[in-house]
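The structure file model-v3.cif is reproduced below (mmCIF, C-alpha atoms and all ligand atoms).
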```cif
data_coords
#
loop_
_atom_site.group_PDB
_atom_site.id
_atom_site.type_symbol
_atom_site.label_atom_id
_atom_site.label_comp_id
_atom_site.auth_asym_id
_atom_site.auth_seq_id
_atom_site.Cartn_x
_atom_site.Cartn_y
_atom_site.Cartn_z
ATOM 1 C CA MET V 1 72.506 82.694 95.256
ATOM 2 C CA TYR V 2 74.624 84.285 92.531
ATOM 3 C CA SER V 3 76.440 81.484 90.709
ATOM 4 C CA PRO V 4 80.228 81.747 90.568
ATOM 5 C CA LEU V 5 79.999 80.391 87.045
ATOM 6 C CA ASN V 6 78.632 82.089 83.943
ATOM 7 C CA TYR V 7 78.533 78.806 82.141
ATOM 8 C CA LYS V 8 75.157 77.280 81.185
ATOM 9 C CA PRO V 9 75.477 73.460 81.308
ATOM 10 C CA ASN V 10 73.589 71.274 78.830
ATOM 11 C CA THR V 11 74.694 67.670 79.073
ATOM 12 C CA LYS V 12 74.640 65.557 82.223
ATOM 13 C CA ILE V 13 78.418 65.573 82.491
ATOM 14 C CA GLU V 14 78.501 69.368 82.120
ATOM 15 C CA LYS V 15 75.847 69.715 84.830
ATOM 16 C CA LEU V 16 77.849 67.437 87.114
ATOM 17 C CA THR V 17 81.025 69.426 86.455
ATOM 18 C CA VAL V 18 79.250 72.680 87.324
ATOM 19 C CA TYR V 19 77.818 71.102 90.471
ATOM 20 C CA VAL V 20 81.281 69.978 91.619
ATOM 21 C CA MET V 21 82.733 73.426 90.931
ATOM 22 C CA GLU V 22 79.896 75.129 92.797
ATOM 23 C CA MET V 23 80.373 72.818 95.760
ATOM 24 C CA ALA V 24 84.107 73.576 95.775
ATOM 25 C CA ALA V 25 83.323 77.312 95.696
ATOM 26 C CA LYS V 26 80.827 76.925 98.536
ATOM 27 C CA ASN V 27 83.255 74.940 100.698
ATOM 28 C CA LEU V 28 86.052 77.447 100.139
ATOM 29 C CA THR V 29 83.685 80.327 100.978
ATOM 30 C CA ASP V 30 82.556 78.577 104.165
ATOM 31 C CA ASP V 31 86.199 78.058 105.218
ATOM 32 C CA ILE V 32 87.049 81.713 104.566
ATOM 33 C CA LYS V 33 84.026 82.989 106.487
ATOM 34 C CA LYS V 34 84.760 80.706 109.429
ATOM 35 C CA LEU V 35 88.387 81.828 109.525
ATOM 36 C CA ALA V 36 87.455 85.523 109.297
ATOM 37 C CA LEU V 37 84.912 85.294 112.109
ATOM 38 C CA GLU V 38 87.314 83.328 114.305
ATOM 39 C CA THR V 39 90.116 85.852 113.825
ATOM 40 C CA GLY V 40 88.197 89.051 114.516
ATOM 41 C CA ALA V 41 85.673 90.069 111.860
ATOM 42 C CA GLU V 42 82.083 90.558 112.965
ATOM 43 C CA LEU V 43 80.672 90.178 109.441
ATOM 44 C CA VAL V 44 81.984 88.611 106.246
ATOM 45 C CA GLY V 45 80.449 88.713 102.794
ATOM 46 C CA VAL V 46 81.425 88.101 99.184
ATOM 47 C CA ALA V 47 80.632 90.380 96.249
ATOM 48 C CA SER V 48 81.031 89.299 92.649
ATOM 49 C CA ALA V 49 83.851 91.145 90.881
ATOM 50 C CA GLU V 50 81.778 90.960 87.698
ATOM 51 C CA LYS V 51 78.923 92.922 89.291
ATOM 52 C CA LEU V 52 81.403 95.470 90.655
ATOM 53 C CA GLU V 53 83.014 95.847 87.232
ATOM 54 C CA HIS V 54 79.587 96.716 85.782
ATOM 55 C CA GLU V 55 78.625 99.150 88.537
ATOM 56 C CA SER V 56 81.929 101.019 88.964
ATOM 57 C CA LEU V 57 83.704 103.625 86.858
ATOM 58 C CA PRO V 58 87.035 102.897 85.164
ATOM 59 C CA GLY V 59 89.850 103.197 87.707
ATOM 60 C CA HIS V 60 87.552 102.014 90.504
ATOM 61 C CA ARG V 61 87.054 98.402 89.498
ATOM 62 C CA PRO V 62 88.398 95.170 91.024
ATOM 63 C CA SER V 63 90.430 94.604 87.847
ATOM 64 C CA ASP V 64 92.281 97.847 88.618
ATOM 65 C CA ILE V 65 93.640 96.062 91.701
ATOM 66 C CA LEU V 66 93.917 92.502 90.386
ATOM 67 C CA LYS V 67 93.533 91.841 86.656
ATOM 68 C CA THR V 68 92.228 88.285 87.190
ATOM 69 C CA SER V 69 89.820 89.176 90.010
ATOM 70 C CA LYS V 70 86.679 87.080 90.397
ATOM 71 C CA ASN V 71 85.432 88.071 93.837
ATOM 72 C CA VAL V 72 85.840 90.661 96.557
ATOM 73 C CA ILE V 73 85.628 89.495 100.171
ATOM 74 C CA MET V 74 84.479 92.177 102.578
ATOM 75 C CA LEU V 75 85.214 92.005 106.287
ATOM 76 C CA ALA V 76 83.486 94.350 108.688
ATOM 77 C CA CYS V 77 83.525 95.309 112.324
ATOM 78 C CA GLY V 78 80.737 97.257 113.946
ATOM 79 C CA ARG V 79 80.703 100.713 115.402
ATOM 80 C CA SER V 80 82.467 100.002 118.702
ATOM 81 C CA LEU V 81 85.839 99.744 117.016
ATOM 82 C CA ASN V 82 85.650 103.378 115.967
ATOM 83 C CA GLU V 83 83.699 104.908 118.808
ATOM 84 C CA ASP V 84 86.248 103.823 121.382
ATOM 85 C CA ARG V 85 88.908 106.175 120.169
ATOM 86 C CA ASP V 86 90.055 109.490 121.511
ATOM 87 C CA TYR V 87 89.988 111.951 118.679
ATOM 88 C CA VAL V 88 93.292 113.496 119.666
ATOM 89 C CA TYR V 89 96.055 114.380 117.271
ATOM 90 C CA ASN V 90 99.516 115.334 118.535
ATOM 91 C CA TRP V 91 102.380 116.947 116.707
ATOM 92 C CA GLY V 92 104.812 114.262 115.545
ATOM 93 C CA PRO V 93 108.604 114.578 115.728
ATOM 94 C CA ASP V 94 108.604 115.941 112.175
ATOM 95 C CA PHE V 95 105.960 118.525 113.141
ATOM 96 C CA SER V 96 103.243 116.710 111.217
ATOM 97 C CA LEU V 97 100.040 115.422 112.756
ATOM 98 C CA THR V 98 101.009 111.808 112.964
ATOM 99 C CA PHE V 99 99.650 110.297 116.155
ATOM 100 C CA ILE V 100 96.107 109.224 116.775
ATOM 101 C CA SER V 101 95.569 108.462 120.424
ATOM 102 C CA LEU V 102 93.661 105.213 120.686
ATOM 103 C CA LYS V 103 92.491 103.503 123.837
ATOM 104 C CA ASP V 104 94.302 100.216 124.605
ATOM 105 C CA GLU V 105 91.174 98.176 123.953
ATOM 106 C CA THR V 106 90.747 99.782 120.544
ATOM 107 C CA LYS V 107 94.433 99.278 119.683
ATOM 108 C CA TRP V 108 94.072 95.598 120.496
ATOM 109 C CA ARG V 109 90.901 95.219 118.432
ATOM 110 C CA ARG V 110 92.364 97.042 115.444
ATOM 111 C CA LYS V 111 95.360 94.721 115.609
ATOM 112 C CA GLN V 112 92.948 91.808 115.696
ATOM 113 C CA ALA V 113 91.096 93.143 112.633
ATOM 114 C CA LYS V 114 94.408 93.494 110.761
ATOM 115 C CA GLY V 115 95.326 89.938 111.803
ATOM 116 C CA CYS V 116 91.997 88.767 110.435
ATOM 117 C CA ILE V 117 92.610 90.313 107.006
ATOM 118 C CA ASP V 118 96.127 88.880 106.857
ATOM 119 C CA ALA V 119 94.865 85.436 107.897
ATOM 120 C CA VAL V 120 92.312 85.331 105.053
ATOM 121 C CA LYS V 121 94.871 86.591 102.527
ATOM 122 C CA ASP V 122 97.475 83.996 103.655
ATOM 123 C CA PHE V 123 94.850 81.246 103.552
ATOM 124 C CA LEU V 124 93.946 82.072 99.941
ATOM 125 C CA GLN V 125 97.560 82.380 98.858
ATOM 126 C CA GLN V 126 98.423 79.034 100.451
ATOM 127 C CA LYS V 127 95.672 77.514 98.310
ATOM 128 C CA GLY V 128 97.360 78.959 95.218
ATOM 129 C CA PHE V 129 95.057 81.941 94.586
ATOM 130 C CA ASN V 130 96.021 85.554 94.117
ATOM 131 C CA ALA V 131 94.752 87.786 96.895
ATOM 132 C CA VAL V 132 95.312 91.520 97.320
ATOM 133 C CA ILE V 133 94.311 93.448 100.435
ATOM 134 C CA GLU V 134 92.511 96.781 100.320
ATOM 135 C CA SER V 135 92.697 97.497 104.013
ATOM 136 C CA HIS V 136 90.732 100.753 104.032
ATOM 137 C CA GLY V 137 88.637 102.812 101.657
ATOM 138 C CA TRP V 138 90.972 105.794 101.527
ATOM 139 C CA THR V 139 93.002 104.502 98.601
ATOM 140 C CA GLY V 140 89.954 105.518 96.580
ATOM 141 C CA VAL V 141 90.044 102.589 94.137
ATOM 142 C CA LEU V 142 87.063 100.504 95.216
ATOM 143 C CA SER V 143 83.925 102.001 96.715
ATOM 144 C CA PHE V 144 83.787 100.170 100.036
ATOM 145 C CA LYS V 145 80.152 101.183 100.446
ATOM 146 C CA LEU V 146 79.246 99.532 97.156
ATOM 147 C CA VAL V 147 81.239 96.380 97.986
ATOM 148 C CA ALA V 148 79.661 96.150 101.457
ATOM 149 C CA TYR V 149 76.198 96.561 99.955
ATOM 150 C CA LEU V 150 76.722 93.952 97.209
ATOM 151 C CA ALA V 151 78.306 91.563 99.739
ATOM 152 C CA GLY V 152 75.104 91.751 101.789
ATOM 153 C CA LEU V 153 76.677 93.311 104.887
ATOM 154 C CA GLY V 154 74.352 96.261 105.119
ATOM 155 C CA VAL V 155 72.320 98.827 103.252
ATOM 156 C CA MET V 156 72.784 102.528 102.702
ATOM 157 C CA GLY V 157 70.982 104.409 105.462
ATOM 158 C CA LYS V 158 69.549 107.899 105.128
ATOM 159 C CA GLY V 159 72.816 109.265 106.520
ATOM 160 C CA ASN V 160 74.843 107.954 103.542
ATOM 161 C CA PHE V 161 76.679 105.338 105.585
ATOM 162 C CA ILE V 162 76.306 101.555 105.460
ATOM 163 C CA VAL V 163 74.092 100.186 108.214
ATOM 164 C CA ASN V 164 73.769 96.554 109.226
ATOM 165 C CA PRO V 165 70.298 95.794 110.646
ATOM 166 C CA LYS V 166 71.794 94.292 113.824
ATOM 167 C CA LEU V 167 75.240 95.896 114.304
ATOM 168 C CA GLY V 168 74.337 99.381 113.086
ATOM 169 C CA PRO V 169 76.837 101.560 111.180
ATOM 170 C CA LEU V 170 79.782 99.550 109.872
ATOM 171 C CA ASN V 171 82.719 101.762 110.691
ATOM 172 C CA VAL V 172 85.609 99.435 109.962
ATOM 173 C CA LEU V 173 85.608 97.790 106.570
ATOM 174 C CA ALA V 174 88.397 95.993 104.752
ATOM 175 C CA CYS V 175 88.419 93.929 101.620
ATOM 176 C CA ILE V 176 90.423 91.358 99.751
ATOM 177 C CA VAL V 177 90.302 91.075 95.987
ATOM 178 C CA THR V 178 90.923 87.533 94.789
ATOM 179 C CA ASP V 179 90.759 85.292 91.747
ATOM 180 C CA ALA V 180 89.334 82.402 93.784
ATOM 181 C CA SER V 181 85.888 81.141 92.737
ATOM 182 C CA LEU V 182 83.568 81.751 95.678
ATOM 183 C CA GLU V 183 79.873 81.684 96.472
ATOM 184 C CA CYS V 184 78.610 85.261 96.380
ATOM 185 C CA ASP V 185 76.124 86.835 98.766
ATOM 186 C CA GLU V 186 73.092 88.849 97.789
ATOM 187 C CA PRO V 187 72.404 92.443 98.896
ATOM 188 C CA LEU V 188 70.055 92.722 101.871
ATOM 189 C CA ASP V 189 66.512 93.713 101.055
ATOM 190 C CA VAL V 190 65.578 95.616 104.187
ATOM 191 C CA ASP V 191 64.513 99.134 105.154
ATOM 192 C CA VAL V 192 66.776 99.803 108.143
ATOM 193 C CA CYS V 193 65.766 103.421 108.657
ATOM 194 C CA LYS V 194 61.972 103.342 108.450
ATOM 195 C CA ASP V 195 60.773 106.634 110.016
ATOM 196 C CA CYS V 196 64.045 107.405 111.796
ATOM 197 C CA THR V 197 65.847 110.653 110.943
ATOM 198 C CA GLU V 198 68.311 110.803 113.871
ATOM 199 C CA CYS V 199 71.388 111.133 111.652
ATOM 200 C CA ILE V 200 69.772 113.967 109.693
ATOM 201 C CA LYS V 201 68.809 115.794 112.905
ATOM 202 C CA ALA V 202 72.318 115.289 114.352
ATOM 203 C CA CYS V 203 74.019 117.117 111.477
ATOM 204 C CA LYS V 204 74.414 120.804 112.323
ATOM 205 C CA TYR V 205 76.184 121.708 109.085
ATOM 206 C CA GLY V 206 73.448 121.351 106.506
ATOM 207 C CA ALA V 207 75.034 118.318 104.846
ATOM 208 C CA PHE V 208 71.648 116.746 104.128
ATOM 209 C CA LYS V 209 69.076 118.171 101.755
ATOM 210 C CA LYS V 210 65.584 116.761 101.449
ATOM 211 C CA GLU V 211 64.554 115.972 97.885
ATOM 212 C CA SER V 212 60.995 114.627 97.553
ATOM 213 C CA ASP V 213 60.913 111.587 99.860
ATOM 214 C CA ARG V 214 64.669 111.132 100.379
ATOM 215 C CA TYR V 215 67.686 112.937 101.777
ATOM 216 C CA MET V 216 70.693 113.820 99.650
ATOM 217 C CA TRP V 217 74.118 114.016 101.296
ATOM 218 C CA ILE V 218 76.129 117.067 100.197
ATOM 219 C CA GLY V 219 79.790 116.167 100.526
ATOM 220 C CA ASP V 220 81.053 119.765 100.301
ATOM 221 C CA LYS V 221 79.150 120.706 103.457
ATOM 222 C CA CYS V 222 80.262 117.700 105.501
ATOM 223 C CA ARG V 223 82.749 118.669 108.222
ATOM 224 C CA CYS V 224 83.691 115.142 109.212
ATOM 225 C CA TYR V 225 87.430 115.425 108.690
ATOM 226 C CA ASP V 226 88.047 119.013 109.762
ATOM 227 C CA LEU V 227 90.728 119.421 112.407
ATOM 228 C CA ILE V 228 90.642 122.112 115.063
ATOM 229 C CA MET V 229 93.073 123.031 117.815
ATOM 230 C CA ASN V 230 91.859 122.988 121.395
ATOM 231 C CA PRO V 231 92.764 126.528 122.604
ATOM 232 C CA VAL V 232 93.486 125.290 126.150
ATOM 233 C CA THR V 233 95.465 122.070 125.567
ATOM 234 C CA LEU V 234 96.813 123.181 122.154
ATOM 235 C CA LYS V 235 96.108 119.689 120.877
ATOM 236 C CA TRP V 236 94.525 118.988 117.517
ATOM 237 C CA THR V 237 91.262 117.162 117.448
ATOM 238 C CA TYR V 238 88.649 116.142 114.926
ATOM 239 C CA GLY V 239 85.999 118.751 114.907
ATOM 240 C CA PRO V 240 83.692 120.433 114.826
ATOM 241 C CA CYS V 241 81.618 117.433 113.802
ATOM 242 C CA ASN V 242 83.220 114.136 114.853
ATOM 243 C CA SER V 243 80.750 112.049 112.781
ATOM 244 C CA LYS V 244 77.724 113.015 114.827
ATOM 245 C CA CYS V 245 75.401 111.448 112.250
ATOM 246 C CA VAL V 246 77.001 108.010 112.677
ATOM 247 C CA HIS V 247 77.067 108.237 116.473
ATOM 248 C CA ALA V 248 73.390 109.231 116.527
ATOM 249 C CA CYS V 249 72.263 106.083 114.692
ATOM 250 C CA PRO V 250 70.177 104.037 117.146
ATOM 251 C CA ILE V 251 70.740 100.719 115.385
ATOM 252 C CA GLY V 252 73.150 98.427 117.180
ATOM 253 C CA LYS V 253 73.358 100.585 120.309
HETATM 254 S S1 LIG A 1 79.839 113.711 109.410
HETATM 255 FE FE1 LIG A 1 79.056 115.483 110.525
HETATM 256 S S2 LIG A 1 78.954 117.130 109.015
HETATM 257 FE FE2 LIG A 1 79.116 115.182 107.902
HETATM 258 S S3 LIG A 1 77.018 114.604 107.506
HETATM 259 FE FE3 LIG A 1 77.603 113.587 109.414
HETATM 260 S S4 LIG A 1 76.965 115.016 111.033
HETATM 261 FE FE4 LIG A 1 76.931 116.151 109.102
HETATM 262 S S1 LIG A 2 70.181 107.289 112.205
HETATM 263 FE FE1 LIG A 2 68.178 106.473 111.596
HETATM 264 S S2 LIG A 2 67.865 107.333 109.560
HETATM 265 FE FE2 LIG A 2 70.023 107.535 109.992
HETATM 266 S S3 LIG A 2 70.979 105.726 109.135
HETATM 267 FE FE3 LIG A 2 70.542 105.260 111.297
HETATM 268 S S4 LIG A 2 68.514 104.317 111.239
HETATM 269 FE FE4 LIG A 2 68.783 105.328 109.283
#
```

Now, as a test, write the supplied structure out as structure tokens.
Ligand code: SF4
Ligand code: SF4
Amino acid sequence: MYSPLNYKPNTKIEKLTVYVMEMAAKNLTDDIKKLALETGAELVGVASAEKLEHESLPGHRPSDILKTSKNVIMLACGRSLNEDRDYVYNWGPDFSLTFISLKDETKWRRKQAKGCIDAVKDFLQQKGFNAVIESHGWTGVLSFKLVAYLAGLGVMGKGNFIVNPKLGPLNVLACIVTDASLECDEPLDVDVCKDCTECIKACKYGAFKKESDRYMWIGDKCRCYDLIMNPVTLKWTYGPCNSKCVHACPIGK
């Protein structure tokens, strides 16, 4: 386990103090994880803010969100939350593409995931800690992939997305930056992909390039977020790709 304390105790009393603090951190972490799982998350992990500070560029560190940050809690839901949606965009009243058509089940589960994040944040704040929500990775401050990896929720698969060995691709990630002392998790040490190359085969746009024994993802070629208009219904839809690499991943299916 990664200790929440950097302090090296010498005397008996110092060792006892550290033990008490570590126990308090462990108990608080257990309470947070229990609450998150009860309110909708499928996975919960904790990454040390210190590690993230070292491994991230300026402007993308936990301290850029909360100056006093000590830990980042990552909540994740598996692939079903994203795969259940209809990729349909409609023109909004202001003629912008504002509506995503989600199935009722997905709407309910997304609401549950949001409730889960709020519940953990409220819990921490009630205990007197600062807690700031980063509800999705699009704000571009923290790398959610790096946080998820350090929090032990999954590893980077060949397709450049985070894969949990049981749930598969983690499509819905959210995190909370806090100054609470918590017990951190360790990254998973597992080869999820082995000989599989399904995500690579599924990509028809040349977004993966083989370099020696690994595949490089070329962001410029990825067509994940392109929008196209259906010529018959005149509705906008994600295309032409629709994250085929993620959908092809056999893990968790
Ligand atoms: S999202 Fe689509 S275009 Fe991008 S890498 Fe995956 S399959 Fe290829
Ligand atoms: S599709 Fe196969 S190679 Fe790609 S991430 Fe999933 S397990 Fe790994």

Write out as AutoDock Vina command-line options an axis-aligned box for ligand LIG 2 (chain A): all of its atoms listed in the file, 6 Å added on each side, centre and edge lengths in Å with one decimal.
```
--center_x 69.4 --center_y 105.9 --center_z 110.7 --size_x 15.1 --size_y 15.2 --size_z 15.1
```

Shell of 9 Å around ligand LIG 1 (chain A) (all atoms listed in the file), written as a PDB file with C-alpha atoms, in the frame of the given file:
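Writing done, so here's part-v7.pdb:
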```
ATOM      1  CA  GLY V 159      72.816 109.265 106.520  1.00  0.00           C
ATOM      2  CA  ASN V 160      74.843 107.954 103.542  1.00  0.00           C
ATOM      3  CA  CYS V 199      71.388 111.133 111.652  1.00  0.00           C
ATOM      4  CA  ILE V 200      69.772 113.967 109.693  1.00  0.00           C
ATOM      5  CA  LYS V 201      68.809 115.794 112.905  1.00  0.00           C
ATOM      6  CA  ALA V 202      72.318 115.289 114.352  1.00  0.00           C
ATOM      7  CA  CYS V 203      74.019 117.117 111.477  1.00  0.00           C
ATOM      8  CA  LYS V 204      74.414 120.804 112.323  1.00  0.00           C
ATOM      9  CA  TYR V 205      76.184 121.708 109.085  1.00  0.00           C
ATOM     10  CA  GLY V 206      73.448 121.351 106.506  1.00  0.00           C
ATOM     11  CA  ALA V 207      75.034 118.318 104.846  1.00  0.00           C
ATOM     12  CA  PHE V 208      71.648 116.746 104.128  1.00  0.00           C
ATOM     13  CA  TRP V 217      74.118 114.016 101.296  1.00  0.00           C
ATOM     14  CA  ILE V 218      76.129 117.067 100.197  1.00  0.00           C
ATOM     15  CA  GLY V 219      79.790 116.167 100.526  1.00  0.00           C
ATOM     16  CA  LYS V 221      79.150 120.706 103.457  1.00  0.00           C
ATOM     17  CA  CYS V 222      80.262 117.700 105.501  1.00  0.00           C
ATOM     18  CA  ARG V 223      82.749 118.669 108.222  1.00  0.00           C
ATOM     19  CA  CYS V 224      83.691 115.142 109.212  1.00  0.00           C
ATOM     20  CA  TYR V 225      87.430 115.425 108.690  1.00  0.00           C
ATOM     21  CA  GLY V 239      85.999 118.751 114.907  1.00  0.00           C
ATOM     22  CA  PRO V 240      83.692 120.433 114.826  1.00  0.00           C
ATOM     23  CA  CYS V 241      81.618 117.433 113.802  1.00  0.00           C
ATOM     24  CA  ASN V 242      83.220 114.136 114.853  1.00  0.00           C
ATOM     25  CA  SER V 243      80.750 112.049 112.781  1.00  0.00           C
ATOM     26  CA  LYS V 244      77.724 113.015 114.827  1.00  0.00           C
ATOM     27  CA  CYS V 245      75.401 111.448 112.250  1.00  0.00           C
ATOM     28  CA  VAL V 246      77.001 108.010 112.677  1.00  0.00           C
ATOM     29  CA  HIS V 247      77.067 108.237 116.473  1.00  0.00           C
ATOM     30  CA  ALA V 248      73.390 109.231 116.527  1.00  0.00           C
TER      31      ALA V 248
END
```

Do you know which residues are at most 9 Å from stretch 45-50 of chain V counting only C-alpha atoms, after dropping those on the same chain fewer than 5 positions away, and could you put them as a PyMOL selection string? chain V and resi 2+4+29+33+55+61-63+69-76+147-153+177-178+182-187

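What separates atom FE2 of ligand LIG 2 (chain A) from atom CA of V:Leu170 is a distance of 12.6 Å.
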
Here's the selection I'm unsure about, the PyMOL selection byres (((chain V and resi 25) around 6) and not hetatm); applied to the file above, which residues does it give, as a PyMOL selection string? chain V and resi 22-24+26-28+181-183

Find the residues around stretch 110-115 of chain V up to 7 Å (all atoms listed in the file counted), leave out those fewer than 4 positions away in its own chain, and share them as number ranges by chain. V: 39-41, 106, 119

Export C-alpha atoms of the chosen residues as an mmCIF file, in the frame of the given file?
```cif
data_model
loop_
_atom_site.group_PDB
_atom_site.id
_atom_site.type_symbol
_atom_site.label_atom_id
_atom_site.label_comp_id
_atom_site.auth_asym_id
_atom_site.auth_seq_id
_atom_site.Cartn_x
_atom_site.Cartn_y
_atom_site.Cartn_z
ATOM 1 C CA THR V 39 90.116 85.852 113.825
ATOM 2 C CA GLY V 40 88.197 89.051 114.516
ATOM 3 C CA ALA V 41 85.673 90.069 111.860
ATOM 4 C CA THR V 106 90.747 99.782 120.544
ATOM 5 C CA ALA V 119 94.865 85.436 107.897
#
```

Which residues are near ligand LIG 2 (chain A) in this structure, taking near to mean any atom at most 8 Å from a ligand atom and counting only C-alpha atoms and all ligand atoms? Format them as a short mmCIF file (atom, residue, chain, number, x, y, z; two decimals) with C-alpha atoms, in the frame of the given file.
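Okay, this is what ended up in result.cif:
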```cif
data_model
loop_
_atom_site.label_atom_id
_atom_site.label_comp_id
_atom_site.auth_asym_id
_atom_site.auth_seq_id
_atom_site.Cartn_x
_atom_site.Cartn_y
_atom_site.Cartn_z
CA MET V 156 72.78 102.53 102.70
CA GLY V 157 70.98 104.41 105.46
CA LYS V 158 69.55 107.90 105.13
CA GLY V 159 72.82 109.26 106.52
CA ASN V 160 74.84 107.95 103.54
CA PHE V 161 76.68 105.34 105.58
CA ILE V 162 76.31 101.56 105.46
CA VAL V 163 74.09 100.19 108.21
CA GLY V 168 74.34 99.38 113.09
CA PRO V 169 76.84 101.56 111.18
CA VAL V 192 66.78 99.80 108.14
CA CYS V 193 65.77 103.42 108.66
CA LYS V 194 61.97 103.34 108.45
CA ASP V 195 60.77 106.63 110.02
CA CYS V 196 64.04 107.40 111.80
CA THR V 197 65.85 110.65 110.94
CA GLU V 198 68.31 110.80 113.87
CA CYS V 199 71.39 111.13 111.65
CA ILE V 200 69.77 113.97 109.69
CA CYS V 245 75.40 111.45 112.25
CA VAL V 246 77.00 108.01 112.68
CA ALA V 248 73.39 109.23 116.53
CA CYS V 249 72.26 106.08 114.69
CA PRO V 250 70.18 104.04 117.15
CA ILE V 251 70.74 100.72 115.38
#
```

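The space separating atom CA of V:Asp30 from atom CA of V:Lys121 comes to 14.8 Å.
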
Looking at V:Val190, V:Glu53, V:Cys116, V:Leu124, which one is nearest to V:Ala174, with distances taken over all atoms listed in the file? V:Cys116

Separation of atom CA of V:Ile133 from atom CA of V:Met21, in Å and rounded to one decimal: 25.0 Å

Would you translate the PyMOL selection byres (((chain V and resi 130) around 6) and not hetatm) into the concrete set of residues it matches in this file, as a list in words? Gln125, Phe129, Ala131, Thr178 and Asp179 of chain V

When you count all atoms listed in the file, which of these residues is closest to V:Lys67: V:Leu35, V:Val155, V:Val132, V:Leu146? V:Val132

Start from the incomplete input, build N, CA and C atoms for stretch 150-163 of chain V, and deliver everything as a PDB file, in the frame of the given file.
```pdb
ATOM      1  N   LEU V 150      76.855  95.134  98.076  1.00  0.00           N
ATOM      2  CA  LEU V 150      76.722  93.952  97.209  1.00  0.00           C
ATOM      3  C   LEU V 150      77.054  92.661  97.957  1.00  0.00           C
ATOM      4  N   ALA V 151      77.930  92.755  98.957  1.00  0.00           N
ATOM      5  CA  ALA V 151      78.306  91.563  99.739  1.00  0.00           C
ATOM      6  C   ALA V 151      77.266  91.244 100.815  1.00  0.00           C
ATOM      7  N   GLY V 152      76.209  92.041 100.870  1.00  0.00           N
ATOM      8  CA  GLY V 152      75.104  91.751 101.789  1.00  0.00           C
ATOM      9  C   GLY V 152      75.393  92.082 103.246  1.00  0.00           C
ATOM     10  N   LEU V 153      76.352  92.988 103.489  1.00  0.00           N
ATOM     11  CA  LEU V 153      76.677  93.311 104.887  1.00  0.00           C
ATOM     12  C   LEU V 153      75.778  94.398 105.461  1.00  0.00           C
ATOM     13  N   GLY V 154      75.207  95.196 104.613  1.00  0.00           N
ATOM     14  CA  GLY V 154      74.352  96.261 105.119  1.00  0.00           C
ATOM     15  C   GLY V 154      73.744  97.027 103.958  1.00  0.00           C
ATOM     16  N   VAL V 155      72.926  97.992 104.294  1.00  0.00           N
ATOM     17  CA  VAL V 155      72.320  98.827 103.252  1.00  0.00           C
ATOM     18  C   VAL V 155      72.647 100.288 103.537  1.00  0.00           C
ATOM     19  N   MET V 156      72.500 101.108 102.521  1.00  0.00           N
ATOM     20  CA  MET V 156      72.784 102.528 102.702  1.00  0.00           C
ATOM     21  C   MET V 156      71.656 103.174 103.488  1.00  0.00           C
ATOM     22  N   GLY V 157      71.991 103.719 104.662  1.00  0.00           N
ATOM     23  CA  GLY V 157      70.982 104.409 105.462  1.00  0.00           C
ATOM     24  C   GLY V 157      70.777 105.830 104.956  1.00  0.00           C
ATOM     25  N   LYS V 158      69.819 106.519 105.567  1.00  0.00           N
ATOM     26  CA  LYS V 158      69.549 107.899 105.128  1.00  0.00           C
ATOM     27  C   LYS V 158      70.784 108.782 105.290  1.00  0.00           C
ATOM     28  N   GLY V 159      71.641 108.431 106.239  1.00  0.00           N
ATOM     29  CA  GLY V 159      72.816 109.265 106.520  1.00  0.00           C
ATOM     30  C   GLY V 159      73.983 109.013 105.594  1.00  0.00           C
ATOM     31  N   ASN V 160      73.788 108.224 104.518  1.00  0.00           N
ATOM     32  CA  ASN V 160      74.843 107.954 103.542  1.00  0.00           C
ATOM     33  C   ASN V 160      75.985 107.110 104.116  1.00  0.00           C
ATOM     34  N   PHE V 161      75.693 106.317 105.115  1.00  0.00           N
ATOM     35  CA  PHE V 161      76.679 105.338 105.585  1.00  0.00           C
ATOM     36  C   PHE V 161      76.016 103.965 105.615  1.00  0.00           C
ATOM     37  N   ILE V 162      76.834 102.916 105.526  1.00  0.00           N
ATOM     38  CA  ILE V 162      76.306 101.555 105.460  1.00  0.00           C
ATOM     39  C   ILE V 162      75.884 101.093 106.856  1.00  0.00           C
ATOM     40  N   VAL V 163      74.652 100.608 106.931  1.00  0.00           N
ATOM     41  CA  VAL V 163      74.092 100.186 108.214  1.00  0.00           C
ATOM     42  C   VAL V 163      73.702  98.712 108.139  1.00  0.00           C
TER      43      VAL V 163
END
```
